[in-house]
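Structure file work-v5.cif; described as mmCIF, C-alpha atoms and all ligand atoms.
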data_work
#
loop_
_atom_site.label_atom_id
_atom_site.label_comp_id
_atom_site.auth_asym_id
_atom_site.auth_seq_id
_atom_site.Cartn_x
_atom_site.Cartn_y
_atom_site.Cartn_z
CA MET A 1 90.76 -3.45 -24.30
CA ARG A 2 91.98 -4.13 -20.76
CA PHE A 3 89.88 -4.63 -17.63
CA SER A 4 90.94 -4.31 -14.00
CA VAL A 5 88.72 -6.34 -11.69
CA VAL A 6 89.22 -5.05 -8.14
CA LEU A 7 88.36 -7.21 -5.13
CA GLY A 8 89.45 -7.58 -1.54
CA THR A 9 86.87 -9.39 0.62
CA ARG A 10 85.10 -12.75 0.42
CA PRO A 11 81.77 -11.44 -0.94
CA GLU A 12 83.59 -9.56 -3.69
CA ILE A 13 85.53 -12.67 -4.68
CA VAL A 14 82.24 -14.61 -4.88
CA LYS A 15 80.28 -11.96 -6.77
CA MET A 16 83.07 -11.04 -9.18
CA SER A 17 83.64 -14.69 -10.09
CA PRO A 18 80.94 -14.82 -12.84
CA ILE A 19 82.50 -11.71 -14.42
CA VAL A 20 85.98 -13.23 -14.31
CA ARG A 21 84.64 -16.42 -15.90
CA ASP A 22 83.02 -14.39 -18.66
CA LEU A 23 86.22 -12.41 -19.33
CA GLN A 24 88.11 -15.71 -19.56
CA ARG A 25 85.52 -17.26 -21.91
CA ARG A 26 85.77 -14.28 -24.26
CA GLY A 27 89.57 -14.27 -24.11
CA LEU A 28 89.65 -10.65 -22.94
CA ASP A 29 92.62 -9.06 -21.29
CA PHE A 30 92.21 -8.44 -17.56
CA ASP A 31 94.03 -7.99 -14.27
CA LEU A 32 92.66 -9.31 -11.04
CA VAL A 33 93.61 -6.72 -8.45
CA HIS A 34 93.41 -7.84 -4.80
CA THR A 35 93.62 -5.19 -2.10
CA GLY A 36 94.26 -7.77 0.62
CA GLN A 37 91.43 -6.44 2.82
CA HIS A 38 90.69 -10.09 3.64
CA TYR A 39 93.78 -12.26 4.00
CA SER A 40 93.11 -15.24 6.32
CA PHE A 41 92.99 -18.50 4.35
CA GLU A 42 89.31 -19.11 5.09
CA MET A 43 88.32 -15.52 4.15
CA ASP A 44 90.40 -15.33 0.98
CA ARG A 45 92.41 -18.18 -0.57
CA VAL A 46 89.71 -20.78 -0.09
CA PHE A 47 87.45 -18.80 -2.46
CA PHE A 48 90.09 -18.69 -5.19
CA ARG A 49 90.42 -22.46 -4.81
CA ASP A 50 86.69 -23.21 -4.71
CA LEU A 51 85.81 -20.85 -7.55
CA ASP A 52 88.83 -21.88 -9.61
CA LEU A 53 89.91 -18.26 -10.06
CA PRO A 54 93.26 -17.20 -11.52
CA GLU A 55 95.95 -15.80 -9.23
CA PRO A 56 95.62 -12.02 -8.77
CA THR A 57 98.06 -9.98 -10.85
CA ILE A 58 98.84 -8.06 -7.69
CA ASN A 59 97.92 -8.29 -4.01
CA LEU A 60 98.38 -4.99 -2.19
CA GLU A 61 98.32 -6.79 1.18
CA VAL A 62 96.65 -3.87 2.88
CA GLY A 63 95.21 -5.97 5.71
CA SER A 64 93.04 -4.74 8.57
CA GLY A 65 92.97 -1.24 10.08
CA THR A 66 90.77 1.75 10.77
CA HIS A 67 88.59 2.86 7.86
CA GLY A 68 90.88 5.77 7.02
CA ALA A 69 94.14 3.84 7.26
CA GLN A 70 92.80 0.86 5.32
CA THR A 71 91.16 2.92 2.56
CA GLY A 72 94.18 5.24 2.33
CA LYS A 73 96.65 2.39 1.84
CA MET A 74 94.43 0.93 -0.85
CA LEU A 75 94.21 4.27 -2.67
CA VAL A 76 97.97 4.61 -2.78
CA GLY A 77 98.49 1.05 -4.05
CA LEU A 78 95.65 1.09 -6.57
CA GLU A 79 96.64 4.46 -8.02
CA LYS A 80 100.16 3.21 -8.65
CA PHE A 81 98.91 -0.03 -10.20
CA PHE A 82 96.41 1.74 -12.50
CA GLN A 83 99.03 4.30 -13.56
CA GLU A 84 101.34 1.50 -14.61
CA SER A 85 98.79 -0.88 -16.17
CA ARG A 86 96.44 1.76 -17.69
CA PRO A 87 93.22 -0.29 -17.81
CA ASP A 88 90.33 0.92 -19.98
CA VAL A 89 87.74 -0.11 -17.40
CA VAL A 90 87.98 -0.67 -13.65
CA LEU A 91 85.26 -2.84 -12.15
CA VAL A 92 84.43 -2.68 -8.44
CA GLN A 93 81.66 -4.59 -6.65
CA GLY A 94 79.48 -3.91 -3.64
CA ASP A 95 80.06 -1.68 -0.65
CA THR A 96 83.37 -2.38 1.08
CA ASN A 97 86.34 -0.08 1.64
CA THR A 98 87.95 -1.85 -1.33
CA VAL A 99 85.10 -0.62 -3.57
CA LEU A 100 85.45 2.97 -2.45
CA ALA A 101 89.22 2.97 -2.92
CA GLY A 102 89.01 1.27 -6.33
CA ALA A 103 86.39 3.67 -7.68
CA LEU A 104 88.12 6.77 -6.33
CA ALA A 105 91.61 5.86 -7.52
CA ALA A 106 90.35 5.06 -11.02
CA VAL A 107 88.03 8.02 -11.57
CA LYS A 108 90.78 10.50 -10.68
CA LEU A 109 92.99 8.94 -13.34
CA GLY A 110 90.23 9.39 -15.91
CA ILE A 111 89.59 5.64 -16.21
CA THR A 112 86.03 4.39 -16.80
CA VAL A 113 84.63 2.95 -13.55
CA GLY A 114 81.91 0.30 -13.49
CA HIS A 115 80.14 -0.35 -10.18
CA VAL A 116 78.67 -3.83 -9.93
CA GLU A 117 75.70 -3.99 -7.52
CA ALA A 118 75.04 -0.25 -7.79
CA GLY A 119 72.05 1.50 -6.21
CA LEU A 120 71.54 -0.62 -3.10
CA ARG A 121 70.50 1.61 -0.22
CA SER A 122 69.81 0.96 3.45
CA PHE A 123 69.28 4.72 3.93
CA ASP A 124 71.31 4.31 7.12
CA ARG A 125 74.33 6.57 7.06
CA THR A 126 75.72 5.06 10.28
CA MET A 127 76.77 2.00 8.23
CA PRO A 128 80.22 2.26 6.63
CA GLU A 129 78.81 0.21 3.74
CA GLU A 130 76.15 2.85 2.98
CA ILE A 131 78.78 5.58 2.75
CA ASN A 132 80.92 3.41 0.47
CA ARG A 133 78.00 2.57 -1.84
CA VAL A 134 76.76 6.11 -2.21
CA LEU A 135 80.24 7.48 -2.93
CA ALA A 136 81.13 4.67 -5.33
CA ASP A 137 77.87 5.17 -7.25
CA HIS A 138 78.40 8.90 -7.58
CA VAL A 139 81.89 8.62 -9.07
CA SER A 140 81.17 5.65 -11.36
CA ASP A 141 80.49 5.92 -15.09
CA LEU A 142 78.63 2.63 -15.46
CA LEU A 143 76.12 1.70 -12.76
CA PHE A 144 75.18 -1.97 -12.86
CA ALA A 145 71.99 -2.02 -10.82
CA PRO A 146 70.88 -5.57 -9.99
CA THR A 147 67.15 -4.76 -9.89
CA ASP A 148 64.59 -2.08 -10.75
CA VAL A 149 64.52 -1.10 -7.08
CA SER A 150 68.24 -0.30 -7.08
CA ALA A 151 67.92 1.55 -10.42
CA ARG A 152 65.15 3.70 -8.90
CA ASN A 153 67.40 4.59 -5.96
CA LEU A 154 70.06 5.82 -8.39
CA ARG A 155 67.57 7.92 -10.36
CA ALA A 156 66.22 9.40 -7.12
CA GLU A 157 69.74 10.67 -6.36
CA GLY A 158 69.87 12.38 -9.74
CA LEU A 159 72.27 9.97 -11.41
CA PRO A 160 71.85 10.19 -15.19
CA GLU A 161 69.73 7.56 -16.93
CA GLY A 162 72.49 6.94 -19.48
CA ARG A 163 74.77 5.52 -16.79
CA ILE A 164 72.23 3.09 -15.30
CA PHE A 165 71.90 -0.53 -16.50
CA VAL A 166 69.66 -3.11 -14.84
CA THR A 167 71.68 -6.30 -15.22
CA GLY A 168 70.53 -8.69 -12.48
CA ASN A 169 72.82 -9.73 -9.65
CA THR A 170 75.90 -11.84 -10.37
CA ILE A 171 75.16 -13.83 -7.19
CA VAL A 172 72.45 -15.71 -9.13
CA ASP A 173 75.06 -17.41 -11.30
CA ALA A 174 77.59 -17.70 -8.49
CA VAL A 175 75.01 -19.76 -6.57
CA ARG A 176 73.48 -21.81 -9.39
CA GLU A 177 76.73 -22.76 -11.12
CA ASN A 178 78.61 -23.54 -7.92
CA LEU A 179 75.81 -25.47 -6.26
CA GLU A 180 76.19 -28.12 -8.95
CA ILE A 181 79.97 -28.13 -8.55
CA ALA A 182 79.57 -28.32 -4.76
CA ALA A 183 77.28 -31.32 -4.95
CA GLY A 184 79.90 -33.20 -6.97
CA LYS A 185 82.75 -32.34 -4.59
CA GLY A 186 81.65 -33.81 -1.27
CA ASP A 187 79.00 -33.99 1.38
CA ALA A 188 79.37 -30.94 3.62
CA LEU A 189 76.28 -31.78 5.69
CA GLY A 190 77.51 -35.31 6.33
CA SER A 191 80.99 -34.19 7.33
CA LEU A 192 79.53 -31.63 9.77
CA GLY A 193 77.01 -34.13 11.13
CA LEU A 194 74.04 -32.04 9.98
CA ARG A 195 70.65 -33.30 8.88
CA LYS A 196 68.90 -31.52 5.98
CA GLY A 197 66.28 -29.17 7.42
CA GLY A 198 67.39 -29.94 10.99
CA TYR A 199 69.38 -26.81 11.78
CA ILE A 200 69.52 -23.01 11.68
CA LEU A 201 72.52 -21.48 9.92
CA THR A 202 73.73 -18.24 11.47
CA THR A 203 76.39 -15.71 10.39
CA LEU A 204 77.25 -12.35 11.95
CA HIS A 205 79.87 -9.73 11.15
CA ARG A 206 78.38 -6.24 10.77
CA GLN A 207 80.24 -3.49 12.56
CA GLU A 208 77.00 -2.28 14.21
CA ASN A 209 76.34 -5.77 15.61
CA VAL A 210 79.66 -7.29 16.56
CA ASP A 211 81.38 -4.09 17.74
CA SER A 212 78.55 -3.41 20.21
CA ARG A 213 78.60 -5.47 23.41
CA GLU A 214 74.88 -4.90 23.92
CA ARG A 215 73.80 -5.95 20.43
CA LEU A 216 76.17 -8.92 20.31
CA SER A 217 75.00 -10.11 23.71
CA ASN A 218 71.34 -9.76 22.60
CA VAL A 219 72.04 -11.84 19.50
CA LEU A 220 73.57 -14.59 21.67
CA ILE A 221 70.45 -14.64 23.85
CA GLY A 222 68.29 -14.74 20.71
CA LEU A 223 70.30 -17.63 19.22
CA GLU A 224 70.07 -19.65 22.43
CA ARG A 225 66.31 -19.13 22.65
CA ALA A 226 65.70 -19.74 18.96
CA GLY A 227 67.55 -23.06 19.18
CA ARG A 228 65.89 -24.15 22.40
CA GLU A 229 62.34 -23.16 21.45
CA THR A 230 62.45 -24.72 17.96
CA GLY A 231 64.50 -27.80 18.88
CA LEU A 232 66.85 -27.02 15.97
CA GLU A 233 70.60 -27.04 16.19
CA VAL A 234 72.22 -23.65 15.56
CA ILE A 235 75.42 -23.78 13.51
CA TRP A 236 77.57 -20.65 13.26
CA PRO A 237 80.54 -20.43 10.88
CA MET A 238 82.14 -17.53 12.66
CA HIS A 239 83.58 -14.45 10.94
CA PRO A 240 86.93 -13.48 12.54
CA ARG A 241 85.54 -10.11 13.57
CA ALA A 242 82.78 -11.77 15.60
CA ARG A 243 85.22 -14.22 17.17
CA LYS A 244 87.60 -11.43 18.13
CA ASN A 245 84.86 -9.33 19.73
CA LEU A 246 83.33 -12.21 21.67
CA GLY A 247 86.76 -12.47 23.30
CA THR A 248 87.12 -8.71 23.82
CA PHE A 249 83.70 -8.46 25.46
CA GLY A 250 84.13 -11.71 27.42
CA LEU A 251 80.89 -13.16 26.01
CA ALA A 252 80.31 -16.92 25.96
CA ILE A 253 78.74 -18.85 23.09
CA PRO A 254 75.56 -20.61 24.30
CA SER A 255 75.98 -24.36 24.75
CA ASN A 256 73.31 -25.20 22.14
CA VAL A 257 75.08 -23.10 19.47
CA ARG A 258 77.90 -24.76 17.50
CA ALA A 259 80.54 -22.25 16.44
CA ILE A 260 82.85 -23.41 13.66
CA SER A 261 85.47 -21.75 11.46
CA PRO A 262 84.24 -19.92 8.36
CA LEU A 263 83.45 -22.40 5.59
CA GLY A 264 84.70 -22.39 2.02
CA PHE A 265 82.13 -21.36 -0.57
CA LEU A 266 81.29 -24.84 -1.84
CA GLU A 267 80.72 -26.19 1.67
CA PHE A 268 78.84 -23.07 2.73
CA LEU A 269 76.45 -23.27 -0.23
CA GLN A 270 75.53 -26.84 0.71
CA VAL A 271 75.03 -25.94 4.37
CA GLU A 272 72.96 -22.89 3.38
CA GLY A 273 70.81 -24.92 0.99
CA GLY A 274 70.12 -27.59 3.63
CA ALA A 275 69.23 -25.20 6.45
CA ALA A 276 65.75 -24.85 7.91
CA LEU A 277 66.45 -21.14 8.12
CA ALA A 278 69.23 -18.55 7.82
CA LEU A 279 69.71 -16.10 10.69
CA THR A 280 72.17 -13.47 9.56
CA ASP A 281 73.32 -9.89 9.17
CA SER A 282 75.08 -10.69 5.88
CA GLY A 283 74.04 -9.10 2.61
CA GLY A 284 75.14 -12.09 0.55
CA VAL A 285 73.40 -14.60 2.78
CA GLN A 286 70.09 -12.69 2.49
CA GLU A 287 70.39 -13.02 -1.28
CA GLU A 288 71.66 -16.58 -1.45
CA SER A 289 69.03 -17.96 0.92
CA CYS A 290 66.37 -16.25 -1.21
CA ILE A 291 67.78 -17.93 -4.33
CA LEU A 292 68.02 -21.30 -2.56
CA GLY A 293 64.44 -21.17 -1.24
CA VAL A 294 65.56 -21.02 2.41
CA PRO A 295 63.76 -18.50 4.65
CA CYS A 296 65.91 -15.76 6.17
CA VAL A 297 65.69 -13.73 9.37
CA THR A 298 67.89 -10.65 9.19
CA LEU A 299 69.60 -9.44 12.34
CA ARG A 300 69.60 -5.79 11.36
CA ASP A 301 67.35 -2.75 11.70
CA ASN A 302 67.10 -2.31 7.92
CA THR A 303 68.11 -3.94 4.67
CA GLU A 304 69.33 -2.68 1.32
CA ARG A 305 67.80 -5.84 -0.17
CA PRO A 306 64.05 -5.08 0.22
CA GLU A 307 63.24 -7.30 -2.78
CA THR A 308 63.92 -10.36 -0.62
CA VAL A 309 61.45 -9.13 2.00
CA GLU A 310 58.82 -8.25 -0.62
CA VAL A 311 58.77 -11.78 -2.05
CA GLY A 312 58.37 -13.24 1.44
CA ALA A 313 61.84 -14.79 1.69
CA ASN A 314 63.21 -12.52 4.40
CA VAL A 315 62.16 -10.63 7.51
CA VAL A 316 64.17 -7.88 9.24
CA VAL A 317 64.07 -8.19 13.05
CA GLY A 318 67.03 -6.29 14.54
CA THR A 319 68.76 -7.79 17.58
CA ASP A 320 66.10 -7.85 20.30
CA PRO A 321 65.94 -11.50 21.49
CA SER A 322 62.13 -11.69 21.51
CA ARG A 323 61.90 -10.30 18.00
CA ILE A 324 64.56 -12.78 16.84
CA VAL A 325 62.57 -15.72 18.23
CA GLU A 326 59.31 -14.36 16.82
CA GLY A 327 60.95 -13.93 13.38
CA VAL A 328 62.36 -17.45 13.47
CA ARG A 329 59.00 -18.96 14.44
CA SER A 330 57.08 -17.12 11.73
CA MET A 331 59.65 -17.76 8.99
CA LEU A 332 59.79 -21.49 9.77
CA LEU A 333 56.09 -21.60 8.93
CA ARG A 334 56.50 -19.50 5.79
CA LYS A 335 55.49 -21.20 2.56
CA ARG A 336 58.54 -21.49 0.31
CA GLY A 337 58.57 -21.28 -3.47
CA TRP A 338 58.89 -17.51 -3.96
CA ALA A 339 60.21 -16.26 -7.30
CA CYS A 340 63.80 -15.03 -7.23
CA PRO A 341 63.70 -11.20 -7.41
CA LEU A 342 67.43 -10.77 -8.13
CA GLY A 343 67.35 -11.12 -11.90
CA GLU A 344 68.01 -13.77 -14.49
CA SER A 345 71.20 -15.73 -15.05
CA GLY A 346 73.87 -14.06 -17.14
CA ALA A 347 74.47 -10.81 -15.21
CA GLY A 348 78.27 -11.21 -15.52
CA GLY A 349 78.10 -11.48 -19.31
CA ARG A 350 75.72 -8.52 -19.59
CA ILE A 351 78.10 -6.38 -17.53
CA VAL A 352 81.12 -7.29 -19.66
CA SER A 353 79.18 -6.58 -22.89
CA ILE A 354 78.07 -3.15 -21.66
CA CYS A 355 81.66 -2.28 -20.70
CA GLN A 356 82.84 -3.25 -24.17
CA GLU A 357 80.11 -1.29 -25.97
CA ARG A 358 80.53 1.81 -23.82
CA THR A 359 84.30 1.89 -23.94
CA ILE A 360 84.41 1.51 -27.71
CA GLN A 361 81.74 4.23 -28.12
CA GLY A 362 83.25 6.51 -25.48
C1 LIG B 1 84.27 -6.15 5.49
C2 LIG B 1 83.41 -5.05 4.87
C3 LIG B 1 81.94 -5.44 4.96
C4 LIG B 1 81.70 -6.81 4.36
C5 LIG B 1 82.63 -7.83 5.01
C6 LIG B 1 82.51 -9.16 4.36
C7 LIG B 1 84.11 -2.71 5.00
C8 LIG B 1 83.94 -1.42 5.70
N1 LIG B 1 83.56 -3.78 5.56
O1 LIG B 1 83.93 -6.22 6.87
O2 LIG B 1 81.15 -4.49 4.26
O3 LIG B 1 80.36 -7.17 4.56
O4 LIG B 1 84.00 -7.38 4.86
O5 LIG B 1 82.96 -10.20 5.20
O6 LIG B 1 84.74 -2.75 3.98
N2 LIG B 1 89.91 -10.27 9.92
C9 LIG B 1 90.68 -11.41 9.96
N3 LIG B 1 91.03 -11.98 8.77
C10 LIG B 1 90.68 -11.48 7.58
C11 LIG B 1 89.91 -10.31 7.55
C12 LIG B 1 89.52 -9.73 8.73
O7 LIG B 1 91.03 -11.91 11.02
O8 LIG B 1 91.03 -12.06 6.54
C13 LIG B 1 89.48 -9.66 11.20
C14 LIG B 1 90.45 -8.61 11.71
O9 LIG B 1 90.44 -8.67 13.10
C15 LIG B 1 89.80 -7.31 11.25
C16 LIG B 1 88.31 -7.63 11.32
O10 LIG B 1 88.22 -9.01 10.98
O11 LIG B 1 90.14 -6.22 12.05
C17 LIG B 1 87.46 -6.81 10.38
O12 LIG B 1 87.92 -6.89 9.03
P1 LIG B 1 87.54 -5.72 7.97
O13 LIG B 1 87.97 -6.09 6.61
O14 LIG B 1 87.95 -4.38 8.49
O15 LIG B 1 85.98 -5.70 8.02
P2 LIG B 1 84.91 -6.87 7.91
O16 LIG B 1 84.17 -6.89 9.19
O17 LIG B 1 85.54 -8.10 7.41
N1 LIG B 2 80.35 -17.34 3.01
C1 LIG B 2 81.14 -18.49 2.96
N2 LIG B 2 81.48 -19.11 4.14
C2 LIG B 2 81.06 -18.66 5.35
C3 LIG B 2 80.23 -17.51 5.39
C4 LIG B 2 79.90 -16.87 4.21
O1 LIG B 2 81.52 -18.93 1.89
O2 LIG B 2 81.40 -19.28 6.36
C5 LIG B 2 80.02 -16.64 1.76
C6 LIG B 2 78.54 -16.57 1.45
O3 LIG B 2 78.14 -17.68 0.69
C7 LIG B 2 78.44 -15.28 0.67
C8 LIG B 2 79.55 -14.42 1.22
O4 LIG B 2 80.43 -15.29 1.91
O5 LIG B 2 78.68 -15.50 -0.71
C9 LIG B 2 78.98 -13.40 2.15
O6 LIG B 2 80.02 -12.76 2.81
P1 LIG B 2 79.80 -11.89 4.11
O7 LIG B 2 78.60 -12.34 4.83
O8 LIG B 2 81.10 -11.91 4.84
O9 LIG B 2 79.65 -10.42 3.53
P2 LIG B 2 78.41 -9.56 2.98
O10 LIG B 2 77.71 -10.33 1.94
O11 LIG B 2 77.55 -9.22 4.15
O12 LIG B 2 79.05 -8.33 2.46
#
Translate the structure described by the file into structure tokens.
Ligand code: UD1
Ligand code: UDP
Amino acid sequence: MRFSVVLGTRPEIVKMSPIVRDLQRRGLDFDLVHTGQHYSFEMDRVFFRDLDLPEPTINLEVGSGTHGAQTGKMLVGLEKFFQESRPDVVLVQGDTNTVLAGALAAVKLGITVGHVEAGLRSFDRTMPEEINRVLADHVSDLLFAPTDVSARNLRAEGLPEGRIFVTGNTIVDAVRENLEIAAGKGDALGSLGLRKGGYILTTLHRQENVDSRERLSNVLIGLERAGRETGLEVIWPMHPRARKNLGTFGLAIPSNVRAISPLGFLEFLQVEGGAALALTDSGGVQEESCILGVPCVTLRDNTERPETVEVGANVVVGTDPSRIVEGVRSMLLRKRGWACPLGESGAGGRIVSICQERTIQG
């Protein structure tokens, strides 16, 4: 039995890593298929290094582009690769253009498709990620829903019960296993001059935020005020899309906000775990901060991770500066110690076992 594990962006590399480790442990045959959607060292290679992942069998080197051009190039490359390698199962993860292309190329070749992190919904069709998730779910044969909430979303769209498996989210193991490794590899807080609990960690990259001058400018005002009014330093490992658009819009970073290059996963985990609070529009950071017991303020109008809000780990505030400051103030006072709502350890292994059982049966 042969697996193809498709990935292309940093969150996919992180969240696929527990599955890759499980495939390696079991000695199963697999190809790691990289679309090349992310390609800068700090968005791509550093994660292979930090997570000790094998070299991809192929990198399609698709790079950046419009949604159509990027997805189209991936489809062409993935179809050719799957035709030649004939995997039994193709695994895709999350909601990027890579996921959509991987699922679509495979299903049309009659290959079993497994969607990891199925059933998340923001119910906001203006987000490219929502379109990608819905389409990937509807063409996949095996839907690995991380929680009961995501499984319910799938059922509500009429997806058959027999395809839905509640497995937990692979991010739980990606965080827990690598936090230990990170601690043994160096002192990220020390080398950045940060004091545990003395700073806010911010990340920003969503199309709806960084491609809009108004929303991006509002976030900058909110960051400046949040830092000033709480007396906390704001540290911002900056996604290249945010950096590019700050330049395009001619917007300046407030003087009390420290922008740095994106961090590798092991450093980022330490910085995330030591933060007083995470202020972000990232899906992964909403989950990881919840796992790490760090309160999160989400710079979006909605979230497809409502479980984090329900347990009290996260609040969704949008980009209005006053609401950002209000969210930061209230979450800094929030009692920590919530239970992790993203499932137990072992999601990667459960996913691999289900693929094996289903493919042998099918
Ligand atoms: C993509 C995903 C998003 C995911 C995010 C994770 C889609 C539609 N979007 O968004 O869901 O949350 O990845 O980070 O699939 N760039 C670089 N170097 C890189 C990659 C990107 O400089 O290695 C810059 C380029 O200017 C590029 C821009 O970032 O145009 C956007 O990259 P792209 O992959 O299109 O989208 P992301 O914003 O990264
Ligand atoms: N991340 C990282 N370094 C950074 C910022 C993020 O290692 O400087 C990791 C983070 O730990 C998480 C993933 O990148 O695992 C989240 O990626 P991103 O926010 O780009 O995408 P999303 O999760 O929103 O799809």
**Pairwise distance for atom CA of Val297 of chain A and atom O6 of ligand LIG 1 (chain B), rounded to one decimal in Å** =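 Taking atom CA of Val297 of chain A as the start and atom O6 of ligand LIG 1 (chain B) as the end point, the length is 22.6 Å.
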**Request:** Name all residues at most 10 Å from Asp52 of chain A (count all atoms listed in the file; drop same-chain ones fewer than 4 positions away) and give them as an NGL selection string.
**Result:** :A and (17 or 21 or 46-48)
Tell me, counting all atoms listed in the file, for each residue of chain A within 9 Å of ligand LIG 2 (chain B), which pair of atoms is nearest and how far apart they are in Å to one decimal, in rows ordered by chain and increasing number, as CSV.
residue,atom,partner,partner_atom,distance
A:Thr9,CA,B:LIG2,O8,7.6
A:Arg10,CA,B:LIG2,O4,5.5
A:Pro11,CA,B:LIG2,C8,4.3
A:Glu12,CA,B:LIG2,O12,7.7
A:Ile13,CA,B:LIG2,O5,8.4
A:Val14,CA,B:LIG2,O5,5.6
A:Lys15,CA,B:LIG2,O5,7.2
A:Glu42,CA,B:LIG2,N2,7.9
A:Met43,CA,B:LIG2,N2,7.7
A:Val46,CA,B:LIG2,O1,8.6
A:Phe47,CA,B:LIG2,O1,7.4
A:Gly94,CA,B:LIG2,O12,7.5
A:Asp95,CA,B:LIG2,O12,7.4
A:Thr96,CA,B:LIG2,O12,7.5
A:Glu129,CA,B:LIG2,O12,8.6
A:Ile171,CA,B:LIG2,O5,7.6
A:Ala174,CA,B:LIG2,O5,8.2
A:Val175,CA,B:LIG2,O5,8.1
A:Thr202,CA,B:LIG2,C3,8.9
A:Thr203,CA,B:LIG2,C3,6.6
A:Leu204,CA,B:LIG2,O7,7.2
A:His205,CA,B:LIG2,O8,6.8
A:Arg206,CA,B:LIG2,O11,7.3
A:Trp236,CA,B:LIG2,O2,8.0
A:Pro237,CA,B:LIG2,O2,4.7
A:Met238,CA,B:LIG2,O2,6.6
A:His239,CA,B:LIG2,O2,7.0
A:Ile260,CA,B:LIG2,O2,8.5
A:Ser261,CA,B:LIG2,O2,7.0
A:Pro262,CA,B:LIG2,O2,3.5
A:Leu263,CA,B:LIG2,O2,3.8
A:Gly264,CA,B:LIG2,O1,4.7
A:Phe265,CA,B:LIG2,O1,3.5
A:Leu266,CA,B:LIG2,O1,7.0
A:Glu267,CA,B:LIG2,O1,7.3
A:Phe268,CA,B:LIG2,N2,5.0
A:Leu269,CA,B:LIG2,O3,5.9
A:Glu272,CA,B:LIG2,O3,7.8
A:Thr280,CA,B:LIG2,O7,8.1
A:Asp281,CA,B:LIG2,O11,6.6
A:Ser282,CA,B:LIG2,O11,3.4
A:Gly283,CA,B:LIG2,O11,3.8
A:Gly284,CA,B:LIG2,O10,3.4
A:Val285,CA,B:LIG2,C7,5.5
A:Gln286,CA,B:LIG2,O10,8.0
A:Glu287,CA,B:LIG2,O10,8.4
A:Glu288,CA,B:LIG2,O3,6.9
**Request:** Rounded to one decimal place, report the atom C9 of ligand LIG 1 (chain B)-atom CA of Leu223 of chain A distance in Å.
**Result:**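 We find that atom C9 of ligand LIG 1 (chain B) and atom CA of Leu223 of chain A lie 23.2 Å from each other.
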**Item:** Atomic distance atom CA of Asp22 of chain A - atom CA of Gln356 of chain A, expressed in Å with one decimal
**Value:**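 About the pair atom CA of Asp22 of chain A and atom CA of Gln356 of chain A: they are 12.4 Å apart.
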**Request:** Determine, counting only C-alpha atoms, which protein, DNA and RNA residues have an atom within 9 Å of an atom of Gly162 of chain A; residues of the same chain fewer than 3 positions away are not included. Present the result as a ChimeraX atom specification.
**Result:** /A:142,159,165
